[in-house]
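Engineer: Before anything else, here's the structure in question.
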Amino acid sequence: MNMIAETKLEPKQVQTMQNSFKMLGRNVTVHYGAKQALFDVNLAIRQNTVTALIGPSGCGKSTFLRCLNRMNDTIDNCRVGGEITLEGQDIYDPSIDVVELRARVGMVFQKPNPFPKSIYENVAYGPRIHGLARSKVDFDQIVETSLIKAGLWNEVKDRLHEAGTGLSGGQQQRLCIARAVAVSPEVILMDEPCSALDPIATAKVEELIHELRSNYTIVIVTHSMQQAARVSQRTAMFHLGQLVEENDTDKIFTNPDESRTQDYIMGRFG
Amino acid sequence: MASTHIYTAFDEELKYLARRISEMGGLAEQMVSEAVQALVNSDTALAQKVVSDDVVLDAAEREVGDKAIIIIARRQPVAADLREIIGSIRIASDLERVGDLGKNTAKRVIAVQESGVPRKLARGIEHLSELALMQLKEVLDVYANRSADKAQSIRDRDEEIDAMYTSIFRELLTYMMEDPRNITPCTHLLFCAKNIERIGDHATNIAETIYYMATGSQPEGERPKDDTANTVVVTKA
């Protein structure tokens, strides 16, 4: 990594950008074997902001999301180029502890995937392996706060020791969010977190995203344009592995600059 | 609209709105033209027709509004589509007002005729209406091809109508001062002139809406204003 490709920015400007944005991707490229999936993506992720990544299937939005906490490391023939920083620090630097990185940059997946353990253990698991708590009182505290933050506490407080898999789909997804929140991350990545949920459960998760914004930086990949319009403040549009445009969500959904964005959000053929 | 939607039914709905707006425009134009004709020729039958046509225009405006609400609820349009639909609602409302102004002018035909006003007094209004109708006709053409440039140029031309309205205002005041028996017909004619001047304003509104639909931003600069009738004072010579 660290191969900073040709860029027009002065090193000093780059430093300023790295400091003012929570995360910054510069000239990010991704190859799966011989196939290139991302082409020189430059995208800044702002602090305490919900950034939505939109675009048709195969446009590279999930690939970019997965670069932000090195989930692509687990794919054998995947190569990531360019530079991604978290508060100015290169996350692909060899000195970075990936486990620690993923505690700072958590992830929630498309399909709710609670561990086959109790609700309590699902939330306590992360803090335990990261050594964030020692006594039972501390764990109880973390589990309660995390479940409150995820808007699930009132629904599960009387059955914390029942299986997490016994919850409804929407509750399971909020349990996964509680699990992500439990290790006090700075950034939460969400990969289509509502696509397996019904409209009511979706609304609850979206409301949760809205509330979480004041404490976390959130990046969400979504196929639902309406969802992007509802929950995000910034929207980035991807197409064929390129970042087409990134702007205020208000602007993107009323008067986007690029015709590819307009065609996509309006459901038109290009 | 260069490209089409994946949902062809959505395209059909947008086309339907556009067609209804064009039809409303045609009817509003015709009503104003006939109202002025009725005024100049003291044709009460024609005036009556204008009054009854207004019902059709009002119904069309409600229909456009209802259809737009349904499209918004079912399609959740964004960007240019959303502007198109919101624009349709606004334009339909402007055209409905144009029809009302035509109707009001037609209603005054009987009053003006009874007091036996010389036809020449109505000539100025006829000329004013030609300008306003030209403006309305052009703006409807611009609506058909959604040209932001032309919308901007129509908007810049409203001052011609305003200037002529001011001059008619002065003229009518002079007639009233010459002979108090002119006061009743001239007051009605003054309202007619004001109605037509307002039609020019609505045409300008429509031009601004079209500009917004095409570009997503409001037209630049202040709207030209040359209607100085509100400050006109005629002193006895």
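Going by the structure tokens order, chains are called A, B, ..., each with residues numbered from 1, while ligands are numbered from 1 in the order shown.
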Produce a table with one row for each residue of chain A that has an atom at most 8 Å from any atom of chain B, each row naming the nearest atom pair and its distance in Å at one decimal; use only C-alpha atoms; arrange rows by chain and rising residue number; format as a Markdown table.
Structural biologist:
| residue | atom | partner | partner_atom | distance |
| --- | --- | --- | --- | --- |
| A:Gln226 | CA | B:Gln76 | CA | 7.9 |
| A:Ile252 | CA | B:Ala79 | CA | 7.6 |
| A:Phe253 | CA | B:Ala79 | CA | 5.2 |
| A:Thr254 | CA | B:Ala79 | CA | 4.0 |
| A:Asn255 | CA | B:Ala79 | CA | 5.2 |
| A:Pro256 | CA | B:Ala79 | CA | 7.1 |
| A:Gln262 | CA | B:Ala79 | CA | 6.8 |
| A:Ile265 | CA | B:Val78 | CA | 7.0 |
| A:Met266 | CA | B:Val78 | CA | 6.1 |
| A:Gly267 | CA | B:His5 | CA | 5.6 |
| A:Arg268 | CA | B:His5 | CA | 4.0 |
| A:Phe269 | CA | B:Thr4 | CA | 6.1 |
| A:Gly270 | CA | B:Ser3 | CA | 6.6 |
Engineer: Atoms to include: C-alpha atoms. Write the selected residues as a compact mmCIF listing (two decimals), in the first residue's frame.
Structural biologist:
# COMPACT_ATOMS: atom_id res chain seq x y z
CA GLN A 226 -35.42 6.57 -0.84
CA ILE A 252 -28.15 14.91 -5.20
CA PHE A 253 -31.88 14.24 -4.94
CA THR A 254 -33.11 17.57 -6.27
CA ASN A 255 -30.58 18.62 -8.87
CA PRO A 256 -27.55 16.34 -9.31
CA GLN A 262 -29.86 11.73 -12.50
CA ILE A 265 -32.00 8.04 -9.16
CA MET A 266 -34.90 8.75 -11.51
CA GLY A 267 -34.98 5.15 -12.73
CA ARG A 268 -34.16 5.93 -16.34
CA PHE A 269 -32.19 4.24 -19.03
CA GLY A 270 -28.97 6.14 -19.64
Engineer: I want to know what sits within 8 Å of segment 125-139 of chain A, based on only C-alpha atoms, with residues of the same chain fewer than 4 positions away left out; could you give that as an MDAnalysis selection string?
Structural biologist: chainID A and resid 121 143 179:180 182:183
Engineer: For segment 94-97 of chain B, list every protein, DNA or RNA residue within 8 Å, evaluated using only C-alpha atoms, and leave out those in the same chain fewer than 6 positions away; present the list as a list in words.
Structural biologist: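 Listing them by chain and then by number gives Met24, Gly25, Ala28, Leu57, Asp58, Glu61, His202, Ala203, Asn205 and Ile206 of chain B.
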Engineer: Go ahead and write the selection's residues with C-alpha atoms as a compact mmCIF listing (two decimals), in the first residue's frame.
Structural biologist:
# COMPACT_ATOMS: atom_id res chain seq x y z
CA MET B 24 -55.33 24.18 -20.19
CA GLY B 25 -52.97 26.69 -21.80
CA ALA B 28 -56.94 29.91 -21.13
CA LEU B 57 -60.51 25.18 -16.76
CA ASP B 58 -61.12 24.98 -13.01
CA GLU B 61 -56.62 22.42 -12.62
CA HIS B 202 -48.87 34.89 -14.73
CA ALA B 203 -47.11 34.23 -18.04
CA ASN B 205 -44.59 33.13 -13.38
CA ILE B 206 -44.92 30.25 -15.80
Engineer: Need to verify the contact set: Phe64 of chain A, 9 Å, only C-alpha atoms, exclusion of same-chain residues closer than 3 positions in sequence. Can you return it as a list in words?
Structural biologist: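 Counting only C-alpha atoms, the residues come to Val28, Thr29, Val30, Leu38, Val41, Leu53, Gly60, Lys61, Cys67 and Leu68 of chain A.
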Engineer: Point out the residue among A:Ile54, A:Asp198, A:Asp40, A:Ile84 with the least atom-to-atom distance to Thr249 of chain A, counting only C-alpha atoms.
Structural biologist: A:Ile54
Engineer: So that I can check the surroundings of segment 196-201 of chain B, please list as a list in words every protein, DNA and RNA residue that reaches within 6 Å of it, counting only C-alpha atoms and ignoring chain neighbours fewer than 2 positions away.
Structural biologist: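 My list of contacting residues is Val98, Ala132, Ala193, Lys194, Ala203 and Thr204 of chain B.
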Engineer: Create the file for the chosen residues now, containing C-alpha atoms and written as a PDB file, in the first residue's frame.
Structural biologist:
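again15.pdb, freshly written:
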ATOM      1  CA  VAL B  98     -55.493  33.433 -16.197  1.00  0.00           C
ATOM      2  CA  ALA B 132     -50.317  39.596 -23.089  1.00  0.00           C
ATOM      3  CA  ALA B 193     -56.772  46.470 -18.223  1.00  0.00           C
ATOM      4  CA  LYS B 194     -55.531  45.396 -14.810  1.00  0.00           C
ATOM      5  CA  ALA B 203     -47.111  34.234 -18.038  1.00  0.00           C
ATOM      6  CA  THR B 204     -43.938  35.456 -16.337  1.00  0.00           C
TER       7      THR B 204
END
Engineer: List the neighbours of Arg155 of chain B out to 8 Å using only C-alpha atoms; skip same-chain residues closer than 4 positions along the sequence, and give me the result as a ChimeraX atom specification.
Structural biologist: /B:151,204-205,207-208,223-224
Engineer: Do a neighbour search on Arg213 of chain A at 7 Å with only C-alpha atoms, toss out local chain neighbours closer than 4 positions, and write the hits as a PyMOL selection string.
Structural biologist: chain A and resi 48-50+209+217-218
Engineer: Got time to write the residues from that selection, all heavy atoms, as a PDB file, in the first residue's frame?
Structural biologist:
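As a result, again-v3.pdb now contains:
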ATOM      1  N   ASN A  48     -19.454  12.499  12.208  1.00  0.00           N
ATOM      2  CA  ASN A  48     -20.842  12.662  12.661  1.00  0.00           C
ATOM      3  C   ASN A  48     -21.805  12.950  11.511  1.00  0.00           C
ATOM      4  O   ASN A  48     -22.718  13.758  11.622  1.00  0.00           O
ATOM      5  CB  ASN A  48     -20.944  13.771  13.715  1.00  0.00           C
ATOM      6  CG  ASN A  48     -20.166  13.420  14.958  1.00  0.00           C
ATOM      7  OD1 ASN A  48     -19.205  14.084  15.296  1.00  0.00           O
ATOM      8  ND2 ASN A  48     -20.546  12.337  15.609  1.00  0.00           N
ATOM      9  N   THR A  49     -21.547  12.282  10.415  1.00  0.00           N
ATOM     10  CA  THR A  49     -22.370  12.451   9.219  1.00  0.00           C
ATOM     11  C   THR A  49     -22.729  11.067   8.719  1.00  0.00           C
ATOM     12  O   THR A  49     -21.948  10.130   8.877  1.00  0.00           O
ATOM     13  CB  THR A  49     -21.552  13.200   8.142  1.00  0.00           C
ATOM     14  OG1 THR A  49     -21.241  14.494   8.628  1.00  0.00           O
ATOM     15  CG2 THR A  49     -22.317  13.334   6.838  1.00  0.00           C
ATOM     16  N   VAL A  50     -23.926  10.940   8.164  1.00  0.00           N
ATOM     17  CA  VAL A  50     -24.278   9.689   7.496  1.00  0.00           C
ATOM     18  C   VAL A  50     -23.975   9.869   6.018  1.00  0.00           C
ATOM     19  O   VAL A  50     -24.534  10.757   5.375  1.00  0.00           O
ATOM     20  CB  VAL A  50     -25.768   9.331   7.698  1.00  0.00           C
ATOM     21  CG1 VAL A  50     -26.091   8.017   6.983  1.00  0.00           C
ATOM     22  CG2 VAL A  50     -26.113   9.238   9.170  1.00  0.00           C
ATOM     23  N   ILE A 209     -30.256   4.969  12.964  1.00  0.00           N
ATOM     24  CA  ILE A 209     -29.114   5.550  12.239  1.00  0.00           C
ATOM     25  C   ILE A 209     -29.089   7.057  12.485  1.00  0.00           C
ATOM     26  O   ILE A 209     -28.041   7.655  12.756  1.00  0.00           O
ATOM     27  CB  ILE A 209     -29.228   5.246  10.728  1.00  0.00           C
ATOM     28  CG1 ILE A 209     -29.028   3.753  10.479  1.00  0.00           C
ATOM     29  CG2 ILE A 209     -28.211   6.057   9.928  1.00  0.00           C
ATOM     30  CD1 ILE A 209     -29.342   3.302   9.059  1.00  0.00           C
ATOM     31  N   THR A 217     -19.685   8.203  13.220  1.00  0.00           N
ATOM     32  CA  THR A 217     -19.663   8.523  11.802  1.00  0.00           C
ATOM     33  C   THR A 217     -20.190   7.286  11.087  1.00  0.00           C
ATOM     34  O   THR A 217     -19.734   6.182  11.383  1.00  0.00           O
ATOM     35  CB  THR A 217     -18.217   8.828  11.364  1.00  0.00           C
ATOM     36  OG1 THR A 217     -17.760   9.946  12.122  1.00  0.00           O
ATOM     37  CG2 THR A 217     -18.131   9.119   9.887  1.00  0.00           C
ATOM     38  N   ILE A 218     -21.146   7.466  10.192  1.00  0.00           N
ATOM     39  CA  ILE A 218     -21.791   6.301   9.589  1.00  0.00           C
ATOM     40  C   ILE A 218     -21.662   6.315   8.073  1.00  0.00           C
ATOM     41  O   ILE A 218     -21.850   7.354   7.432  1.00  0.00           O
ATOM     42  CB  ILE A 218     -23.288   6.251   9.998  1.00  0.00           C
ATOM     43  CG1 ILE A 218     -23.383   6.062  11.517  1.00  0.00           C
ATOM     44  CG2 ILE A 218     -24.023   5.116   9.279  1.00  0.00           C
ATOM     45  CD1 ILE A 218     -24.763   6.251  12.082  1.00  0.00           C
TER      46      ILE A 218
END
